[in-house]
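query_15.csv follows (CSV, C-alpha atoms):
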```csv
chain,number,residue,atom,x,y,z
A,1,MET,CA,30.6,1.6,74.2
A,2,GLU,CA,31.8,5.1,75.2
A,3,ARG,CA,32.6,3.8,78.7
A,4,ALA,CA,34.5,0.8,77.4
A,5,LEU,CA,36.6,3.1,75.2
A,6,PHE,CA,37.3,5.4,78.2
A,7,TYR,CA,38.6,2.4,80.2
A,8,VAL,CA,40.7,1.2,77.4
A,9,PHE,CA,42.3,4.5,76.7
A,10,GLY,CA,42.5,5.6,80.3
A,11,GLY,CA,43.9,2.3,81.5
A,12,LEU,CA,46.4,2.3,78.7
A,13,ALA,CA,47.5,5.8,79.6
A,14,VAL,CA,47.9,4.9,83.3
A,15,LEU,CA,49.8,1.7,82.6
A,16,ALA,CA,52.1,3.3,80.0
A,17,SER,CA,52.9,6.2,82.3
A,18,LEU,CA,53.6,3.8,85.3
A,19,TRP,CA,55.9,1.9,82.9
A,20,MET,CA,57.6,5.1,81.9
A,21,VAL,CA,58.3,6.1,85.5
A,22,THR,CA,59.7,2.8,86.6
A,23,ARG,CA,61.9,1.7,83.7
A,24,ARG,CA,65.7,2.1,84.0
A,25,ASN,CA,66.4,2.4,80.3
A,26,PRO,CA,65.5,5.9,79.1
A,27,LEU,CA,64.7,4.5,75.6
A,28,THR,CA,62.0,2.2,77.1
A,29,SER,CA,60.6,5.1,79.1
A,30,ALA,CA,60.4,7.3,76.0
A,31,LEU,CA,58.6,4.7,73.9
A,32,SER,CA,56.0,4.0,76.7
A,33,LEU,CA,55.4,7.7,77.0
A,34,VAL,CA,54.6,7.7,73.3
A,35,VAL,CA,52.0,5.1,74.0
A,36,ALA,CA,50.6,7.2,76.9
A,37,PHE,CA,50.4,10.2,74.5
A,38,LEU,CA,48.5,8.2,71.9
A,39,ALA,CA,46.0,7.0,74.5
A,40,LEU,CA,45.5,10.6,75.6
A,41,ALA,CA,44.9,11.5,71.9
A,42,GLY,CA,42.1,8.8,71.9
A,43,LEU,CA,40.5,10.5,74.9
A,44,TYR,CA,40.7,13.9,73.2
A,45,ALA,CA,38.8,12.3,70.2
A,46,MET,CA,36.2,11.0,72.6
A,47,LEU,CA,35.8,14.6,74.0
A,48,GLN,CA,35.2,15.9,70.4
A,49,ALA,CA,38.5,17.8,70.4
A,50,ASP,CA,39.3,17.2,66.8
A,51,LEU,CA,42.1,19.8,66.4
A,52,LEU,CA,43.7,18.8,69.7
A,53,PHE,CA,43.6,15.2,68.7
A,54,ALA,CA,45.7,16.0,65.6
A,55,VAL,CA,48.0,18.4,67.6
A,56,GLN,CA,48.6,15.7,70.3
A,57,LEU,CA,49.6,13.3,67.6
A,58,TRP,CA,51.8,15.7,65.6
A,59,VAL,CA,53.4,17.9,68.3
A,60,TYR,CA,53.6,15.6,71.3
A,61,ALA,CA,53.8,12.0,70.0
A,62,GLY,CA,55.5,13.3,66.9
A,63,ALA,CA,57.8,16.3,67.3
A,64,ILE,CA,58.6,16.4,71.0
A,65,MET,CA,59.1,12.6,71.5
A,66,VAL,CA,61.3,12.4,68.3
A,67,LEU,CA,63.4,15.1,69.8
A,68,VAL,CA,63.7,13.2,73.1
A,69,LEU,CA,64.5,9.9,71.4
A,70,PHE,CA,67.1,11.7,69.2
A,71,VAL,CA,68.8,13.1,72.3
A,72,ILE,CA,68.7,9.7,74.1
A,73,MET,CA,70.4,8.1,71.1
A,74,LEU,CA,72.8,10.9,70.6
A,75,LEU,CA,74.0,10.8,74.2
A,76,ASN,CA,74.0,6.9,74.1
A,77,LEU,CA,72.9,6.6,77.7
A,78,ARG,CA,73.7,3.2,79.3
A,79,GLU,CA,71.4,1.5,81.8
A,80,SER,CA,74.1,1.3,84.5
A,81,GLU,CA,74.1,5.1,85.1
A,82,THR,CA,70.4,5.4,85.3
A,83,ARG,CA,69.5,3.3,88.4
A,84,PRO,CA,66.4,4.6,90.1
A,85,LYS,CA,67.2,5.7,93.7
A,86,PRO,CA,65.1,4.0,96.3
A,87,LEU,CA,62.4,6.0,98.0
A,88,GLY,CA,63.0,6.0,101.8
A,89,ALA,CA,60.2,4.8,104.1
A,90,GLY,CA,59.7,8.2,105.7
A,91,ARG,CA,59.4,10.0,102.3
A,92,PHE,CA,57.1,7.3,101.0
A,93,ALA,CA,54.9,7.7,104.1
A,94,ILE,CA,54.8,11.5,103.7
A,95,GLY,CA,53.9,11.2,100.0
A,96,ALA,CA,51.2,8.6,100.6
A,97,LEU,CA,49.7,10.8,103.3
A,98,VAL,CA,49.6,13.9,101.1
A,99,VAL,CA,48.1,11.9,98.2
A,100,ALA,CA,45.5,10.3,100.5
A,101,ALA,CA,44.5,13.7,102.0
A,102,ALA,CA,44.2,15.2,98.5
A,103,ALA,CA,42.1,12.3,97.3
A,104,VAL,CA,39.7,12.6,100.3
A,105,LYS,CA,39.3,16.3,99.7
A,106,GLY,CA,39.2,15.9,95.9
A,107,LEU,CA,36.5,13.2,95.9
A,108,ALA,CA,34.3,15.3,98.2
A,109,VAL,CA,34.6,18.1,95.7
A,110,LEU,CA,34.0,15.8,92.7
A,111,GLY,CA,30.8,14.5,94.3
A,112,GLY,CA,29.2,18.0,93.7
A,113,VAL,CA,30.5,18.4,90.1
A,114,GLN,CA,27.6,18.7,87.7
A,115,SER,CA,28.2,16.5,84.7
A,116,ASP,CA,25.3,17.0,82.3
A,117,LEU,CA,26.8,16.9,78.8
A,118,PRO,CA,25.8,20.0,76.9
A,119,VAL,CA,24.8,19.5,73.2
A,120,VAL,CA,27.4,21.0,70.9
A,121,ASP,CA,27.4,21.6,67.2
A,122,ALA,CA,29.9,20.2,64.7
A,123,ARG,CA,32.1,23.3,65.0
A,124,PHE,CA,33.0,22.4,68.6
A,125,GLY,CA,36.7,21.4,68.7
A,126,SER,CA,37.1,21.9,64.9
A,127,VAL,CA,39.9,24.0,63.4
A,128,ALA,CA,37.4,26.8,62.6
A,129,GLY,CA,35.8,26.8,66.0
A,130,VAL,CA,39.1,26.9,68.0
A,131,ALA,CA,40.6,29.4,65.6
A,132,GLU,CA,37.7,31.8,66.1
A,133,VAL,CA,38.3,31.9,69.9
A,134,LEU,CA,42.1,31.9,69.5
A,135,PHE,CA,42.2,34.8,67.1
A,136,THR,CA,39.6,37.0,68.9
A,137,ARG,CA,39.7,36.6,72.7
A,138,TYR,CA,43.2,35.1,73.0
A,139,VAL,CA,45.1,36.9,70.2
A,140,LEU,CA,47.5,38.6,72.7
A,141,GLN,CA,48.5,35.3,74.2
A,142,PHE,CA,49.0,33.9,70.7
A,143,GLU,CA,51.4,36.7,69.9
A,144,ILE,CA,53.2,36.2,73.1
A,145,VAL,CA,53.7,32.5,72.3
A,146,SER,CA,55.1,33.4,68.9
A,147,ILE,CA,57.7,35.7,70.5
A,148,LEU,CA,58.5,32.9,73.0
A,149,LEU,CA,59.1,30.5,70.1
A,150,LEU,CA,61.4,33.0,68.4
A,151,ALA,CA,63.4,33.5,71.6
A,152,VAL,CA,63.6,29.7,72.0
A,153,ILE,CA,65.0,29.2,68.5
A,154,VAL,CA,67.9,31.6,69.3
A,155,ALA,CA,68.4,30.2,72.8
A,156,VAL,CA,68.7,26.6,71.6
A,157,VAL,CA,71.2,27.5,68.9
A,158,VAL,CA,73.3,29.3,71.4
A,159,LEU,CA,73.0,26.5,74.0
A,160,ALA,CA,73.7,23.6,71.8
A,161,LYS,CA,76.5,25.1,69.7
A,162,ARG,CA,79.9,23.6,70.3
A,163,ARG,CA,82.2,26.2,71.7
A,164,PRO,CA,85.5,26.6,69.9
B,1,MET,CA,28.2,8.0,79.3
B,2,VAL,CA,31.4,9.0,81.0
B,3,SER,CA,31.0,11.7,83.6
B,4,LEU,CA,33.3,14.8,84.1
B,5,ALA,CA,34.4,13.4,87.5
B,6,GLU,CA,36.0,10.3,85.9
B,7,TYR,CA,38.0,12.4,83.5
B,8,LEU,CA,39.2,14.6,86.4
B,9,ILE,CA,40.2,11.5,88.4
B,10,LEU,CA,42.1,10.1,85.4
B,11,GLY,CA,43.9,13.5,85.0
B,12,ALA,CA,44.8,13.5,88.8
B,13,VAL,CA,46.1,9.9,88.6
B,14,LEU,CA,48.3,10.8,85.6
B,15,PHE,CA,49.5,14.0,87.3
B,16,THR,CA,50.4,12.0,90.5
B,17,ILE,CA,52.4,9.5,88.5
B,18,GLY,CA,54.3,12.3,86.8
B,19,ALA,CA,55.0,14.0,90.1
B,20,VAL,CA,56.3,10.8,91.6
B,21,GLY,CA,58.6,10.4,88.6
B,22,VAL,CA,59.9,13.9,89.0
B,23,LEU,CA,60.6,13.3,92.7
B,24,THR,CA,62.1,9.9,92.6
B,25,ARG,CA,64.1,9.7,89.3
B,26,SER,CA,67.6,11.1,89.0
B,27,ASN,CA,68.0,10.6,85.2
B,28,GLY,CA,67.5,14.0,83.7
B,29,LEU,CA,65.7,12.7,80.6
B,30,ILE,CA,63.2,10.6,82.5
B,31,LEU,CA,62.6,13.5,84.8
B,32,PHE,CA,61.9,15.7,81.8
B,33,MET,CA,59.5,13.1,80.4
B,34,SER,CA,57.6,13.0,83.7
B,35,LEU,CA,57.2,16.8,83.5
B,36,GLU,CA,55.7,16.3,80.0
B,37,LEU,CA,53.3,13.7,81.4
B,38,MET,CA,52.2,16.2,84.1
B,39,LEU,CA,51.5,18.8,81.5
B,40,ASN,CA,49.5,16.3,79.5
B,41,ALA,CA,47.4,15.4,82.6
B,42,VAL,CA,46.5,19.1,83.0
B,43,ASN,CA,45.7,19.2,79.3
B,44,LEU,CA,43.2,16.3,79.8
B,45,THR,CA,41.4,18.2,82.5
B,46,PHE,CA,41.3,21.3,80.3
B,47,VAL,CA,39.7,19.4,77.4
B,48,ALA,CA,37.3,17.6,79.7
B,49,PHE,CA,36.1,20.9,81.4
B,50,SER,CA,35.8,22.4,77.9
B,51,ARG,CA,33.6,19.6,76.6
B,52,PHE,CA,31.4,19.6,79.7
B,53,SER,CA,30.9,23.4,79.7
B,54,GLY,CA,30.4,23.7,76.0
B,55,ARG,CA,33.0,26.5,75.6
B,56,LEU,CA,36.1,26.3,73.5
B,57,ASP,CA,38.4,28.4,75.8
B,58,GLY,CA,39.9,25.2,77.3
B,59,HIS,CA,41.0,24.1,73.8
B,60,VAL,CA,42.8,27.4,73.3
B,61,PHE,CA,44.6,26.9,76.6
B,62,VAL,CA,45.7,23.4,75.6
B,63,PHE,CA,46.9,24.7,72.3
B,64,LEU,CA,49.1,27.4,74.1
B,65,VAL,CA,50.3,24.8,76.6
B,66,THR,CA,51.4,22.6,73.8
B,67,ALA,CA,53.4,25.4,72.2
B,68,VAL,CA,55.1,26.2,75.5
B,69,ALA,CA,55.8,22.5,76.1
B,70,ALA,CA,57.5,22.2,72.7
B,71,ALA,CA,59.6,25.3,73.5
B,72,GLU,CA,60.5,23.8,76.9
B,73,ALA,CA,61.4,20.5,75.3
B,74,ALA,CA,63.8,22.2,72.9
B,75,VAL,CA,65.5,24.3,75.6
B,76,GLY,CA,65.6,21.5,78.1
B,77,LEU,CA,67.1,19.0,75.7
B,78,ALA,CA,69.7,21.5,74.5
B,79,ILE,CA,70.7,22.0,78.2
B,80,PHE,CA,71.0,18.3,78.7
B,81,VAL,CA,73.2,18.0,75.6
B,82,SER,CA,75.6,20.7,76.8
B,83,LEU,CA,75.4,19.2,80.4
B,84,PHE,CA,76.5,15.8,78.9
B,85,ARG,CA,79.4,17.5,77.2
B,86,LEU,CA,80.6,18.8,80.6
B,87,HIS,CA,79.9,15.9,82.9
B,88,ARG,CA,79.5,12.9,80.6
B,89,SER,CA,76.2,12.2,82.5
B,90,VAL,CA,72.7,13.6,82.7
B,91,ASP,CA,72.2,12.5,86.4
B,92,VAL,CA,70.7,15.5,88.1
B,93,ASP,CA,71.9,14.3,91.6
B,94,GLU,CA,75.5,14.9,90.5
B,95,LEU,CA,74.8,18.6,89.8
B,96,ASN,CA,75.9,20.2,93.0
B,97,ALA,CA,78.4,22.8,91.7
B,98,MET,CA,76.6,25.4,93.8
B,99,GLY,CA,77.0,23.4,97.0
B,100,ASP,CA,74.6,21.1,98.9
```
Would you give me this structure, written as structure tokens?
Amino acid sequence: MERALFYVFGGLAVLASLWMVTRRNPLTSALSLVVAFLALAGLYAMLQADLLFAVQLWVYAGAIMVLVLFVIMLLNLRESETRPKPLGAGRFAIGALVVAAAAVKGLAVLGGVQSDLPVVDARFGSVAGVAEVLFTRYVLQFEIVSILLLAVIVAVVVLAKRRP
Amino acid sequence: MVSLAEYLILGAVLFTIGAVGVLTRSNGLILFMSLELMLNAVNLTFVAFSRFSGRLDGHVFVFLVTAVAAAEAAVGLAIFVSLFRLHRSVDVDELNAMGD
């Protein structure tokens, strides 16, 4: 059952992201990326990451993708100016070689990965569990991110404002 | 039961698709979405490692990565909007104002 769900969500994520990369229309790309994000949210639920499941739906599939779709529709991009450039044979060969080398090396490493699933309690991945780690060990990083978000608010207003 | 290696392979495949998108597409918005896909592939490996080690540190990292990705989305899309005002296009291959 768990394996079947993994293949459904994983296959959906891979297919949707392939579709996203190969489409010419940015709107189609954005909508298939939403599907990929939803499939990843399903994988998070399988890994008992309850909070991240909700964050993935709200922040990624919700907020970020709505922003992307809004900009695509605002700029009114046509398909004609978004033709994918062909990948030359030489660059394709180099890319395939790098991926193959990384795959050989990576599979050798993955063979030695221990994968016995530890038993976790109900707090694992819940809001309370994540918050306990976030606000004790990683509180400095949390504060840095809040400063970053404040800077981004100001920067975006300055960038997107129409100059007189 | 799905093993850790399978989650890592899935994350690597998604990351590769995102990297291919960044290298081959010239439309700025699709390039940007490929970057988001790469971030999500790394997030998946973080969550998988977190589950298989029984520690919640990976979840915190994913939380912070999501916040930074949202900030990056806001700034990147604002740049594309002002770029479009200048050039009437978001094709990154046409951006050669600093020379080839």
- Suppose you want the space between atom CA of A:Leu38 and atom CA of A:Ala100; what is it in Å?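 Taking atom CA of A:Leu38 as the start and atom CA of A:Ala100 as the end point, the length is 28.8 Å.
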- Task: Skip B:Val22 itself and residues of its chain fewer than 2 positions away, then list as a PyMOL selection string all residues within 9 Å of it, counting all atoms listed in the file.
- Result: (chain A and resi 21) or (chain B and resi 17-20+24-26+30-35)
Enumerate, in order of chain and increasing residue number, the residues of chain B with an atom no farther than 8 Å from chain A, each with its shortest atom pair and distance in Å to one decimal, counting all atoms listed in the file, as a tab-separated table.
```
residue	atom	partner	partner_atom	distance
B:Met1	CA	A:Arg3	CA	6.1
B:Val2	CA	A:Arg3	CA	5.8
B:Ser3	CA	A:Ser115	CA	5.7
B:Leu4	CA	A:Ser115	CA	5.4
B:Ala5	CA	A:Leu110	CA	5.7
B:Leu10	CA	A:Gly10	CA	6.8
B:Val13	CA	A:Val14	CA	7.5
B:Leu14	CA	A:Val14	CA	6.3
B:Ile17	CA	A:Leu18	CA	6.6
B:Gly18	CA	A:Val21	CA	7.5
B:Val20	CA	A:Val21	CA	8.0
B:Gly21	CA	A:Val21	CA	5.3
B:Thr24	CA	A:Leu87	CA	6.7
B:Arg25	CA	A:Pro84	CA	5.7
B:Ser26	CA	A:Pro84	CA	6.7
B:Asn27	CA	A:Thr82	CA	5.7
B:Leu29	CA	A:Pro26	CA	7.0
B:Ile30	CA	A:Pro26	CA	6.2
B:Met33	CA	A:Ala30	CA	7.3
B:Ser34	CA	A:Val21	CA	7.2
B:Leu37	CA	A:Ser17	CA	7.6
B:Asn40	CA	A:Phe37	CA	7.9
B:Leu44	CA	A:Leu40	CA	7.4
B:Val47	CA	A:Tyr44	CA	7.0
B:Ala48	CA	A:Leu47	CA	6.6
B:Arg51	CA	A:Leu47	CA	6.0
B:Phe52	CA	A:Leu117	CA	5.4
B:Ser53	CA	A:Pro118	CA	6.7
B:Gly54	CA	A:Pro118	CA	6.0
B:Leu56	CA	A:Val130	CA	6.3
B:Asp57	CA	A:Val133	CA	6.9
B:His59	CA	A:Val130	CA	6.7
B:Val60	CA	A:Leu134	CA	5.9
B:Val62	CA	A:Leu52	CA	7.7
B:Phe63	CA	A:Leu52	CA	7.2
B:Leu64	CA	A:Val145	CA	7.1
B:Thr66	CA	A:Val59	CA	7.5
B:Ala67	CA	A:Val145	CA	7.1
B:Val68	CA	A:Val145	CA	7.2
B:Ala70	CA	A:Ile64	CA	6.1
B:Ala71	CA	A:Val152	CA	6.1
B:Ala73	CA	A:Ile64	CA	6.6
B:Ala74	CA	A:Val156	CA	6.7
B:Val75	CA	A:Val156	CA	5.6
B:Leu77	CA	A:Val71	CA	7.0
B:Ala78	CA	A:Ala160	CA	5.3
B:Ile79	CA	A:Leu159	CA	6.6
B:Val81	CA	A:Ala160	CA	6.8
B:Ser82	CA	A:Ala160	CA	6.1
B:Phe84	CA	A:Leu75	CA	7.3
B:Ser89	CA	A:Glu81	CA	7.8
B:Asp91	CA	A:Thr82	CA	7.4
```
- State, in Å with one decimal place, the distance from atom CA of B:Ala12 to atom CA of B:Val42.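 Computing it gives 8.2 Å between the two atoms.
For the pair atom CA of B:Ser50 and atom CA of A:Val66, the separation is 29.0 Å.
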File contents for stretch 27-63 of chain B with N, CA and C atoms as an mmCIF file, in the first residue's frame:
```cif
data_model
loop_
_atom_site.group_PDB
_atom_site.id
_atom_site.type_symbol
_atom_site.label_atom_id
_atom_site.label_comp_id
_atom_site.auth_asym_id
_atom_site.auth_seq_id
_atom_site.Cartn_x
_atom_site.Cartn_y
_atom_site.Cartn_z
ATOM 1 N N ASN B 27 13.079 31.268 -21.397
ATOM 2 C CA ASN B 27 12.009 32.063 -20.790
ATOM 3 C C ASN B 27 12.295 32.217 -19.294
ATOM 4 N N GLY B 28 12.380 33.467 -18.854
ATOM 5 C CA GLY B 28 12.746 33.717 -17.477
ATOM 6 C C GLY B 28 11.815 33.085 -16.464
ATOM 7 N N LEU B 29 10.506 33.059 -16.766
ATOM 8 C CA LEU B 29 9.558 32.534 -15.779
ATOM 9 C C LEU B 29 9.675 31.016 -15.655
ATOM 10 N N ILE B 30 9.892 30.312 -16.790
ATOM 11 C CA ILE B 30 10.050 28.854 -16.712
ATOM 12 C C ILE B 30 11.373 28.520 -16.029
ATOM 13 N N LEU B 31 12.404 29.326 -16.290
ATOM 14 C CA LEU B 31 13.676 29.163 -15.590
ATOM 15 C C LEU B 31 13.482 29.282 -14.081
ATOM 16 N N PHE B 32 12.702 30.276 -13.696
ATOM 17 C CA PHE B 32 12.421 30.503 -12.284
ATOM 18 C C PHE B 32 11.671 29.319 -11.664
ATOM 19 N N MET B 33 10.690 28.777 -12.425
ATOM 20 C CA MET B 33 9.931 27.627 -11.896
ATOM 21 C C MET B 33 10.811 26.394 -11.790
ATOM 22 N N SER B 34 11.787 26.234 -12.704
ATOM 23 C CA SER B 34 12.718 25.114 -12.598
ATOM 24 C C SER B 34 13.563 25.237 -11.332
ATOM 25 N N LEU B 35 13.933 26.486 -10.990
ATOM 26 C CA LEU B 35 14.682 26.698 -9.743
ATOM 27 C C LEU B 35 13.850 26.269 -8.541
ATOM 28 N N GLU B 36 12.551 26.623 -8.556
ATOM 29 C CA GLU B 36 11.671 26.230 -7.452
ATOM 30 C C GLU B 36 11.591 24.706 -7.349
ATOM 31 N N LEU B 37 11.573 24.037 -8.523
ATOM 32 C CA LEU B 37 11.522 22.572 -8.517
ATOM 33 C C LEU B 37 12.787 21.999 -7.891
ATOM 34 N N MET B 38 13.952 22.597 -8.187
ATOM 35 C CA MET B 38 15.197 22.116 -7.591
ATOM 36 C C MET B 38 15.170 22.272 -6.074
ATOM 37 N N LEU B 39 14.662 23.416 -5.594
ATOM 38 C CA LEU B 39 14.543 23.621 -4.146
ATOM 39 C C LEU B 39 13.648 22.554 -3.532
ATOM 40 N N ASN B 40 12.551 22.208 -4.237
ATOM 41 C CA ASN B 40 11.629 21.214 -3.702
ATOM 42 C C ASN B 40 12.242 19.823 -3.673
ATOM 43 N N ALA B 41 13.090 19.509 -4.669
ATOM 44 C CA ALA B 41 13.756 18.207 -4.669
ATOM 45 C C ALA B 41 14.666 18.080 -3.452
ATOM 46 N N VAL B 42 15.393 19.174 -3.129
ATOM 47 C CA VAL B 42 16.255 19.145 -1.953
ATOM 48 C C VAL B 42 15.411 19.025 -0.688
ATOM 49 N N ASN B 43 14.263 19.719 -0.662
ATOM 50 C CA ASN B 43 13.367 19.623 0.490
ATOM 51 C C ASN B 43 12.924 18.188 0.716
ATOM 52 N N LEU B 44 12.643 17.464 -0.379
ATOM 53 C CA LEU B 44 12.204 16.076 -0.248
ATOM 54 C C LEU B 44 13.296 15.227 0.409
ATOM 55 N N THR B 45 14.563 15.432 0.014
ATOM 56 C CA THR B 45 15.630 14.656 0.643
ATOM 57 C C THR B 45 15.778 15.029 2.113
ATOM 58 N N PHE B 46 15.588 16.322 2.445
ATOM 59 C CA PHE B 46 15.640 16.741 3.849
ATOM 60 C C PHE B 46 14.585 16.004 4.665
ATOM 61 N N VAL B 47 13.344 15.979 4.152
ATOM 62 C CA VAL B 47 12.251 15.351 4.901
ATOM 63 C C VAL B 47 12.494 13.851 5.027
ATOM 64 N N ALA B 48 13.007 13.223 3.935
ATOM 65 C CA ALA B 48 13.248 11.784 3.983
ATOM 66 C C ALA B 48 14.336 11.456 5.004
ATOM 67 N N PHE B 49 15.445 12.228 4.990
ATOM 68 C CA PHE B 49 16.511 11.999 5.975
ATOM 69 C C PHE B 49 15.988 12.198 7.389
ATOM 70 N N SER B 50 15.133 13.213 7.550
ATOM 71 C CA SER B 50 14.588 13.507 8.870
ATOM 72 C C SER B 50 13.766 12.330 9.386
ATOM 73 N N ARG B 51 12.924 11.764 8.497
ATOM 74 C CA ARG B 51 12.076 10.645 8.922
ATOM 75 C C ARG B 51 12.908 9.417 9.262
ATOM 76 N N PHE B 52 13.952 9.173 8.449
ATOM 77 C CA PHE B 52 14.715 7.947 8.648
ATOM 78 C C PHE B 52 15.765 8.076 9.736
ATOM 79 N N SER B 53 16.019 9.315 10.228
ATOM 80 C CA SER B 53 16.911 9.441 11.378
ATOM 81 C C SER B 53 16.121 9.699 12.654
ATOM 82 N N GLY B 54 14.821 10.008 12.524
ATOM 83 C CA GLY B 54 13.998 10.215 13.700
ATOM 84 C C GLY B 54 14.208 11.552 14.381
ATOM 85 N N ARG B 55 14.926 12.475 13.733
ATOM 86 C CA ARG B 55 15.153 13.802 14.305
ATOM 87 C C ARG B 55 14.407 14.844 13.482
ATOM 88 N N LEU B 56 14.025 15.956 14.121
ATOM 89 C CA LEU B 56 13.182 16.939 13.449
ATOM 90 C C LEU B 56 13.969 18.091 12.834
ATOM 91 N N ASP B 57 15.308 18.014 12.882
ATOM 92 C CA ASP B 57 16.108 19.130 12.360
ATOM 93 C C ASP B 57 15.840 19.377 10.870
ATOM 94 N N GLY B 58 15.653 18.283 10.113
ATOM 95 C CA GLY B 58 15.401 18.422 8.683
ATOM 96 C C GLY B 58 14.126 19.196 8.405
ATOM 97 N N HIS B 59 13.110 18.988 9.245
ATOM 98 C CA HIS B 59 11.856 19.716 9.052
ATOM 99 C C HIS B 59 12.065 21.210 9.225
ATOM 100 N N VAL B 60 12.922 21.577 10.210
ATOM 101 C CA VAL B 60 13.202 22.998 10.437
ATOM 102 C C VAL B 60 13.903 23.590 9.222
ATOM 103 N N PHE B 61 14.871 22.820 8.649
ATOM 104 C CA PHE B 61 15.565 23.309 7.454
ATOM 105 C C PHE B 61 14.574 23.549 6.323
ATOM 106 N N VAL B 62 13.656 22.600 6.114
ATOM 107 C CA VAL B 62 12.680 22.751 5.030
ATOM 108 C C VAL B 62 11.811 23.977 5.273
ATOM 109 N N PHE B 63 11.461 24.205 6.526
ATOM 110 C CA PHE B 63 10.656 25.372 6.883
ATOM 111 C C PHE B 63 11.393 26.655 6.496
#
```
